[in-house]
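This is protein_38.txt. It holds compact mmCIF, C-alpha atoms.
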# COMPACT_ATOMS: atom_id res chain seq x y z
CA MET A 1 -14.74 -9.76 24.76
CA ASN A 2 -11.47 -9.53 22.85
CA ALA A 3 -10.58 -6.09 21.53
CA PRO A 4 -10.81 -5.77 17.73
CA PRO A 5 -7.64 -5.27 15.69
CA VAL A 6 -6.41 -1.74 15.06
CA ALA A 7 -4.47 -0.80 11.93
CA ILE A 8 -1.74 1.73 12.70
CA ILE A 9 -0.94 3.62 9.51
CA VAL A 10 2.41 5.41 9.33
CA SER A 11 2.40 7.51 6.18
CA SER A 12 1.83 10.96 4.71
CA LEU A 13 -1.18 12.98 5.84
CA VAL A 14 -2.98 15.60 3.75
CA SER A 15 -5.60 18.06 4.94
CA SER A 16 -7.57 17.72 1.70
CA GLY A 17 -7.85 14.74 -0.61
CA ARG A 18 -7.62 10.97 -0.43
CA ILE A 19 -3.96 10.08 -0.71
CA GLY A 20 -1.47 8.62 1.75
CA ALA A 21 -2.79 7.66 5.17
CA ARG A 22 -6.25 9.09 4.49
CA ALA A 23 -6.76 6.79 1.51
CA THR A 24 -5.42 3.72 3.33
CA ALA A 25 -7.48 4.45 6.44
CA PHE A 26 -10.69 5.03 4.49
CA ALA A 27 -10.33 1.71 2.68
CA LEU A 28 -9.68 -0.20 5.89
CA GLU A 29 -12.50 1.50 7.76
CA GLN A 30 -15.01 0.60 5.04
CA LEU A 31 -14.00 -3.02 5.65
CA GLY A 32 -14.59 -2.73 9.38
CA ILE A 33 -11.03 -2.16 10.62
CA GLU A 34 -10.35 0.59 13.15
CA THR A 35 -7.38 2.79 12.28
CA ALA A 36 -4.87 5.14 13.87
CA ILE A 37 -2.56 7.46 11.92
CA VAL A 38 0.99 8.58 12.64
CA PRO A 39 1.99 11.17 10.00
CA THR A 40 5.43 11.00 8.43
CA THR A 41 4.87 14.30 6.64
CA ILE A 42 1.96 16.75 6.63
CA MET A 43 0.76 18.65 3.57
CA PRO A 44 -2.38 20.60 2.68
CA PHE A 45 -2.91 18.53 -0.49
CA HIS A 46 -1.09 16.43 -3.06
CA PRO A 47 1.88 18.42 -4.43
CA GLY A 48 0.71 17.65 -7.95
CA HIS A 49 -2.05 20.23 -7.44
CA GLY A 50 0.44 23.06 -6.90
CA ALA A 51 3.00 24.37 -4.45
CA ALA A 52 2.31 22.67 -1.13
CA PRO A 53 4.20 23.47 2.08
CA ARG A 54 5.40 20.31 3.77
CA TYR A 55 6.12 19.62 7.41
CA ASN A 56 8.06 16.59 8.61
CA PRO A 57 7.59 16.06 12.35
CA PRO A 58 10.84 16.45 14.31
CA ALA A 59 12.54 13.11 14.95
CA ASP A 60 11.95 13.19 18.70
CA ILE A 61 8.25 14.00 18.26
CA PHE A 62 7.86 11.24 15.66
CA ARG A 63 9.47 8.67 17.96
CA ALA A 64 7.38 9.85 20.91
CA GLN A 65 4.15 9.52 18.92
CA LEU A 66 4.99 5.96 17.96
CA LYS A 67 5.99 5.04 21.51
CA ALA A 68 2.84 6.55 23.00
CA LEU A 69 0.66 4.76 20.48
CA ALA A 70 2.36 1.45 21.23
CA GLY A 71 1.12 1.71 24.81
CA HIS A 72 -2.31 3.03 23.88
CA VAL A 73 -3.65 0.50 21.38
CA ARG A 74 -5.68 -2.18 23.14
CA GLY A 75 -6.49 -4.57 20.32
CA PRO A 76 -4.08 -6.66 18.24
CA ALA A 77 -1.90 -4.26 16.27
CA ILE A 78 -1.69 -4.32 12.51
CA VAL A 79 0.82 -1.91 10.99
CA VAL A 80 0.88 -0.30 7.55
CA THR A 81 3.73 1.93 6.41
CA GLY A 82 3.73 4.04 3.27
CA TYR A 83 5.41 7.30 2.33
CA LEU A 84 8.33 8.35 4.54
CA GLY A 85 9.38 11.98 4.90
CA GLU A 86 13.04 11.19 5.63
CA ALA A 87 15.37 8.24 6.07
CA ALA A 88 15.64 8.47 9.86
CA GLN A 89 11.95 7.62 10.22
CA ALA A 90 12.66 4.04 9.15
CA GLY A 91 14.73 3.40 12.27
CA ALA A 92 12.03 4.81 14.54
CA ILE A 93 9.41 2.66 12.82
CA ALA A 94 11.63 -0.43 13.17
CA ALA A 95 11.92 0.17 16.92
CA PHE A 96 8.14 0.58 17.09
CA LEU A 97 7.61 -2.68 15.20
CA ASP A 98 9.98 -4.50 17.52
CA GLU A 99 8.02 -3.18 20.51
CA VAL A 100 4.43 -3.80 19.39
CA LYS A 101 5.13 -7.07 17.52
CA PRO A 102 2.19 -6.61 15.15
CA ALA A 103 0.01 -9.49 14.06
CA LEU A 104 0.60 -8.31 10.49
CA TYR A 105 2.84 -5.67 8.96
CA LEU A 106 2.22 -4.40 5.42
CA CYS A 107 4.97 -2.27 3.92
CA ASP A 108 3.91 -0.21 0.91
CA PRO A 109 7.36 0.93 -0.29
CA VAL A 110 6.38 4.31 -1.72
CA LEU A 111 9.50 5.20 -3.71
CA GLY A 112 8.38 6.44 -7.12
CA ASP A 113 6.92 5.48 -10.46
CA ASP A 114 7.34 6.15 -14.17
CA ASP A 115 10.99 5.09 -13.85
CA ARG A 116 11.96 7.74 -11.31
CA LEU A 117 12.32 8.06 -7.56
CA TYR A 118 10.30 10.83 -5.95
CA ILE A 119 11.83 10.45 -2.52
CA ALA A 120 15.48 10.85 -1.52
CA GLU A 121 17.64 7.85 -2.36
CA ASP A 122 18.74 7.39 1.26
CA THR A 123 15.07 7.21 2.28
CA ALA A 124 14.39 4.59 -0.38
CA ALA A 125 17.40 2.60 0.82
CA ALA A 126 16.17 2.80 4.43
CA ILE A 127 12.82 1.34 3.40
CA ARG A 128 14.62 -1.46 1.57
CA ASP A 129 17.15 -2.25 4.27
CA THR A 130 15.20 -1.55 7.48
CA LEU A 131 11.47 -1.96 6.88
CA LEU A 132 11.00 -4.57 4.17
CA PRO A 133 12.94 -7.27 6.09
CA ARG A 134 10.38 -6.89 8.91
CA ALA A 135 7.27 -6.94 6.69
CA ASP A 136 4.79 -9.77 6.17
CA ILE A 137 3.22 -8.17 3.09
CA ALA A 138 4.58 -5.70 0.54
CA THR A 139 2.79 -3.84 -2.26
CA PRO A 140 5.40 -2.30 -4.58
CA ASN A 141 4.63 -1.13 -8.08
CA LEU A 142 6.72 -2.53 -10.91
CA PHE A 143 9.25 0.32 -10.87
CA GLU A 144 9.65 0.05 -7.09
CA LEU A 145 10.23 -3.70 -7.28
CA ALA A 146 12.90 -3.19 -9.94
CA TRP A 147 14.64 -0.49 -7.90
CA LEU A 148 14.54 -2.57 -4.73
CA THR A 149 15.75 -5.84 -6.24
CA GLY A 150 17.62 -4.99 -9.44
CA MET A 151 15.06 -7.08 -11.31
CA ASP A 152 16.02 -7.92 -14.89
CA GLY A 153 13.03 -8.38 -17.19
CA GLU A 154 9.30 -7.82 -16.88
CA THR A 155 7.87 -11.27 -17.60
CA PRO A 156 5.57 -12.69 -14.91
CA ALA A 157 8.21 -15.30 -14.05
CA ALA A 158 10.92 -12.64 -13.65
CA ILE A 159 8.63 -10.48 -11.52
CA SER A 160 7.77 -13.44 -9.28
CA ARG A 161 11.45 -14.28 -8.82
CA ALA A 162 12.21 -10.69 -7.85
CA ALA A 163 9.22 -10.59 -5.49
CA ARG A 164 10.44 -13.72 -3.71
CA SER A 165 13.84 -12.08 -3.18
CA LEU A 166 12.30 -8.97 -1.61
CA GLY A 167 11.80 -10.44 1.87
CA PRO A 168 8.09 -10.38 2.83
CA ARG A 169 6.27 -13.67 2.48
CA GLU A 170 3.42 -12.10 0.47
CA VAL A 171 4.22 -9.56 -2.27
CA ALA A 172 1.58 -7.97 -4.51
CA VAL A 173 3.22 -6.12 -7.41
CA THR A 174 1.04 -3.55 -9.17
CA SER A 175 1.33 -2.06 -12.68
CA VAL A 176 2.38 -5.39 -14.21
CA PRO A 177 2.01 -5.77 -18.01
CA SER A 178 -1.08 -7.82 -18.84
CA MET A 179 -1.68 -10.37 -21.60
CA LEU A 180 -5.21 -8.98 -21.98
CA ARG A 181 -5.56 -6.00 -24.31
CA GLY A 182 -6.40 -2.80 -22.46
CA HIS A 183 -5.70 -4.33 -19.04
CA ILE A 184 -3.09 -4.03 -16.29
CA GLY A 185 -2.02 -6.73 -13.86
CA THR A 186 -1.39 -7.16 -10.17
CA LEU A 187 0.86 -10.15 -9.48
CA LEU A 188 0.70 -11.75 -6.04
CA THR A 189 3.63 -13.98 -5.14
CA THR A 190 4.36 -16.21 -2.16
CA ALA A 191 7.10 -18.79 -1.64
CA ASP A 192 5.27 -21.48 -3.61
CA ASP A 193 2.51 -19.80 -5.62
CA ALA A 194 1.80 -16.80 -7.84
CA LEU A 195 -1.52 -15.37 -9.02
CA MET A 196 -2.13 -12.60 -11.55
CA ALA A 197 -5.30 -10.50 -11.32
CA GLU A 198 -6.09 -8.28 -14.30
CA SER A 199 -8.26 -5.18 -14.53
CA ARG A 200 -8.94 -2.39 -17.01
CA TYR A 201 -6.01 -0.06 -17.68
CA TYR A 202 -6.46 3.70 -17.24
CA ALA A 203 -3.72 5.86 -18.76
CA ASP A 204 -4.26 8.73 -16.33
CA ALA A 205 -4.77 6.96 -13.02
CA PRO A 206 -5.76 9.34 -10.20
CA HIS A 207 -3.64 10.07 -7.15
CA GLY A 208 -4.08 7.72 -4.18
CA VAL A 209 -4.55 4.42 -6.01
CA GLY A 210 -1.58 2.64 -4.42
CA ASP A 211 -2.44 3.89 -0.93
CA ALA A 212 -6.05 2.75 -1.20
CA PHE A 213 -5.08 -0.59 -2.75
CA ALA A 214 -2.78 -1.37 0.19
CA GLY A 215 -5.68 -0.79 2.58
CA LEU A 216 -8.09 -2.84 0.49
CA LEU A 217 -5.72 -5.78 0.14
CA LEU A 218 -5.05 -5.84 3.87
CA GLY A 219 -8.72 -5.38 4.73
CA PHE A 220 -9.90 -8.18 2.46
CA ARG A 221 -7.08 -10.41 3.70
CA LEU A 222 -8.30 -9.93 7.26
CA ARG A 223 -11.90 -10.52 6.18
CA LYS A 224 -11.26 -13.61 4.04
CA GLY A 225 -8.29 -15.08 5.91
CA ASN A 226 -6.27 -15.77 2.76
CA ILE A 227 -4.43 -13.29 0.57
CA PHE A 228 -5.15 -15.21 -2.64
CA ASP A 229 -8.87 -14.91 -1.91
CA ALA A 230 -8.37 -11.24 -1.03
CA LEU A 231 -6.56 -10.27 -4.26
CA PRO A 232 -9.49 -10.35 -6.74
CA SER A 233 -11.70 -8.42 -4.32
CA ALA A 234 -9.06 -5.74 -3.74
CA VAL A 235 -8.31 -5.40 -7.45
CA GLY A 236 -12.00 -5.30 -8.33
CA ALA A 237 -12.73 -2.66 -5.71
CA ILE A 238 -9.88 -0.36 -6.74
CA SER A 239 -10.73 -0.82 -10.42
CA GLU A 240 -14.33 0.26 -9.84
CA ALA A 241 -13.16 3.25 -7.82
CA ILE A 242 -10.80 4.29 -10.64
CA GLU A 243 -13.58 3.93 -13.22
CA LEU A 244 -15.93 6.10 -11.16
CA THR A 245 -13.19 8.68 -10.65
CA ALA A 246 -12.64 8.85 -14.41
CA ARG A 247 -16.36 9.33 -15.05
CA LEU A 248 -16.46 12.13 -12.48
CA GLY A 249 -13.33 13.74 -13.96
CA LEU A 250 -11.56 13.98 -10.60
CA PRO A 251 -7.76 14.09 -10.10
CA GLU A 252 -7.83 11.99 -6.91
CA LEU A 253 -9.49 8.69 -6.21
CA ALA A 254 -13.20 9.24 -5.51
CA LEU A 255 -13.32 7.00 -2.46
CA VAL A 256 -16.38 8.50 -0.81
CA PRO A 257 -18.63 8.15 -3.90
CA ALA A 258 -17.16 4.67 -4.46
CA ARG A 259 -17.58 3.48 -0.88
CA THR A 260 -20.20 0.81 -1.67
CA PHE A 261 -17.92 -0.67 -4.36
CA LEU A 262 -15.04 -0.91 -1.91
CA THR A 263 -16.74 -3.50 0.26
CA GLN A 264 -18.70 -5.33 -2.46
CA PRO A 265 -17.00 -5.03 -5.85
CA ARG A 266 -19.39 -5.98 -8.62
CA VAL A 267 -17.16 -6.69 -11.62
CA PRO A 268 -15.51 -10.15 -11.86
CA VAL A 269 -11.72 -9.98 -12.00
CA PRO A 270 -9.97 -12.54 -14.23
CA THR A 271 -7.09 -14.35 -12.53
CA ARG A 272 -4.52 -16.89 -13.66
CA ARG A 273 -1.80 -18.90 -11.98
CA ILE A 274 1.80 -18.09 -12.92
CA GLY A 275 4.29 -20.94 -13.17
CA GLN A 276 7.54 -20.74 -11.24

Re-express the file's structure as structure tokens.
Amino acid sequence: MNAPPVAIIVSSLVSSGRIGARATAFALEQLGIETAIVPTTIMPFHPGHGAAPRYNPPADIFRAQLKALAGHVRGPAIVVTGYLGEAAQAGAIAAFLDEVKPALYLCDPVLGDDDRLYIAEDTAAAIRDTLLPRADIATPNLFELAWLTGMDGETPAAISRAARSLGPREVAVTSVPSMLRGHIGTLLTTADDALMAESRYYADAPHGVGDAFAGLLLGFRLRKGNIFDALPSAVGAISEAIELTARLGLPELALVPARTFLTQPRVPVPTRRIGQ
């Protein structure tokens, strides 16, 4: 029997909460994908909750963890990268990617939002220059896409053009302005097609949404075999999780209470093709 795929998640790790690698892993595991985590930085909780000591693993330890994992994983490797603690980690991850030759690599370029970087600029540049050229899939938000590409304009056509210049063959851009009142869009672009999925907009989105969405999009892509089929399911699942989180009044995505929605989203998600 062939070994099942394993998703290796290289991102931040918190002791408490569902952000970073814990959010991505939970989403993938609900969809039947085994996971392994290599932390880029370790924190007790999201820094938005208060002062949080942070520990970046020493460079030699980080490289050694990746190298050991490359020889340990038995199934086909799938790699997801998210938040990086420092710029040098990008080079170590690139060497790891070159060694394991993953069946799929999703780069979630966690740089910032609300028109500001929240990582060092050299780290953001390392993600752009070292990791994105190796990725099959990318999931930037609108600010991240603009920072990475110098995008001019926020029309769907302009966003699609910028996404095609990013490098990966499949790019799902989140936080895209929607034509539907009270909605927000996720625009998926490939070389010859673009699809917008729209869901309800929440002004105060909880922490962990982008991390969980990356896991859901990858998980549904593996399940359905096509990223255009995966997009409405991933958007629907994350939208239902956000709605439940809002009803519960929680600051972080309520993934455990929402676990049944993650695999079988109930609310139809409107989609429309975007012309080139």

Exercise for the section: Give as a list in words every residue, naming chains and numbers as the document does, that has an atom within 12 Å of (18.4, 1.2, 1.5), counting all atoms listed in the file. Expected result: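 Within the cut-off we find Ala87, Ala88, Ala90, Gly91, Pro109, Leu111, Ala120, Glu121, Asp122, Thr123, Ala124, Ala125, Ala126, Ile127, Arg128, Asp129, Thr130, Leu131, Leu132, Pro133, Trp147, Leu148 and Thr149 of chain A.
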
Practice task
Just give me the gap between atom CA of A:Val267 and atom CA of A:His207 in Å, one decimal is fine.
Solution key: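 Rounded to one decimal, the two atoms are 22.0 Å apart.
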
Problem - Contacts of A:Pro47 at 10 Å (only C-alpha atoms; same-chain gap of 6+ positions) as a PyMOL selection string - result: chain A and resi 14+53-54

Problem - All residues 10 Å or closer to A:Ala146, only C-alpha atoms, same chain fewer than 4 positions away omitted, as a VMD selection string - result: chain A and resid 115 140 to 142 150 to 154 159 162 to 163

Could you write out the selected residues, including C-alpha atoms, as an mmCIF file, in the frame of the given file?
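Ended up saving to again17.cif:
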data_model
loop_
_atom_site.group_PDB
_atom_site.id
_atom_site.type_symbol
_atom_site.label_atom_id
_atom_site.label_comp_id
_atom_site.auth_asym_id
_atom_site.auth_seq_id
_atom_site.Cartn_x
_atom_site.Cartn_y
_atom_site.Cartn_z
ATOM 1 C CA ASP A 115 10.990 5.090 -13.850
ATOM 2 C CA PRO A 140 5.400 -2.300 -4.580
ATOM 3 C CA ASN A 141 4.630 -1.130 -8.080
ATOM 4 C CA LEU A 142 6.720 -2.530 -10.910
ATOM 5 C CA GLY A 150 17.620 -4.990 -9.440
ATOM 6 C CA MET A 151 15.060 -7.080 -11.310
ATOM 7 C CA ASP A 152 16.020 -7.920 -14.890
ATOM 8 C CA GLY A 153 13.030 -8.380 -17.190
ATOM 9 C CA GLU A 154 9.300 -7.820 -16.880
ATOM 10 C CA ILE A 159 8.630 -10.480 -11.520
ATOM 11 C CA ALA A 162 12.210 -10.690 -7.850
ATOM 12 C CA ALA A 163 9.220 -10.590 -5.490
#

Exercise for the section: For A:Ala230, work out the shell of residues within 10 Å, counting all atoms listed in the file and skipping chain neighbours fewer than 2 positions away, then give it as a PyMOL selection string. Expected result: chain A and resi 216-228+232-235

Practice task
Can you work out the spacing between atom CA of A:Ala7 and atom CA of A:Glu34 in Å, to one decimal?
Solution key: 6.2 Å

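Atom CA of A:Val100 to atom CA of A:Arg63 spans 13.5 Å [interatomic distance, one decimal].
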
Handout entry: Counting only C-alpha atoms, the residue of A:Asp108, A:Ser165, A:Ala70, A:Ala158 that sits nearest A:Ile137
Key =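 Closest to A:Ile137, using only C-alpha atoms: A:Asp108.
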
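Minimum atom-to-atom distances from A:Phe26, A:Tyr201, A:Tyr105, A:Tyr55 to A:Ser178 were compared using all atoms listed in the file, and the lowest value belongs to A:Tyr201.
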
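The list of residues with at least one atom within 7 Å of A:Leu106, based on all atoms listed in the file and without residues fewer than 6 positions apart in the same chain, reads Val79, Val80, Thr81, Ala135, Asp136, Ile137 and Ala138 of chain A.
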
Problem - Nearest to A:Leu248, chosen from A:Pro206, A:Gly20, A:Gly275, A:Gly185, with only C-alpha atoms counted in the distances - result: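 Of all the options, A:Pro206 lies closest to A:Leu248.
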
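Nearest residue to A:Phe96 among A:Thr24, A:Ile19, A:Ala68, A:Tyr83 is A:Ala68, counting all atoms listed in the file.
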
Exercise for the section: Could you tell me which of A:Ile33, A:Ala172, A:Ala3, A:Leu13 comes closest to A:Asn56 if we count all atoms listed in the file? Expected result: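 Closest candidate: A:Leu13.
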
Practice task
Skip A:Gly71 itself and residues of its chain fewer than 5 positions away, then list as a ChimeraX atom specification all residues within 12 Å of it, counting only C-alpha atoms.
Solution key: /A:64-66,76-77,96,99-100

Exercise for the section: Find, counting all atoms listed in the file, the residue in A:Ala103, A:Leu117, A:Ile93, A:Ala214 that gets nearest to A:Ala21. Expected result: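 So, comparing all the options, the nearest one is A:Ala214.
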
Practice task
Scan for residues within 6 Å of the point (-3.1, -7.5, -7.6) in the coordinates of the file, using all atoms listed in the file, and reply as a VMD selection string.
Solution key: chain A and resid 172 174 186 to 188 197 231 235

Listed atoms of stretch 216-231 of chain A boxed along x, y and z, 5 Å each side, centre and edge lengths in Å, one decimal, as lines of an AutoDock Vina configuration file:
center_x = -8.2
center_y = -9.3
center_z = 1.5
size_x = 17.5
size_y = 22.9
size_z = 21.5
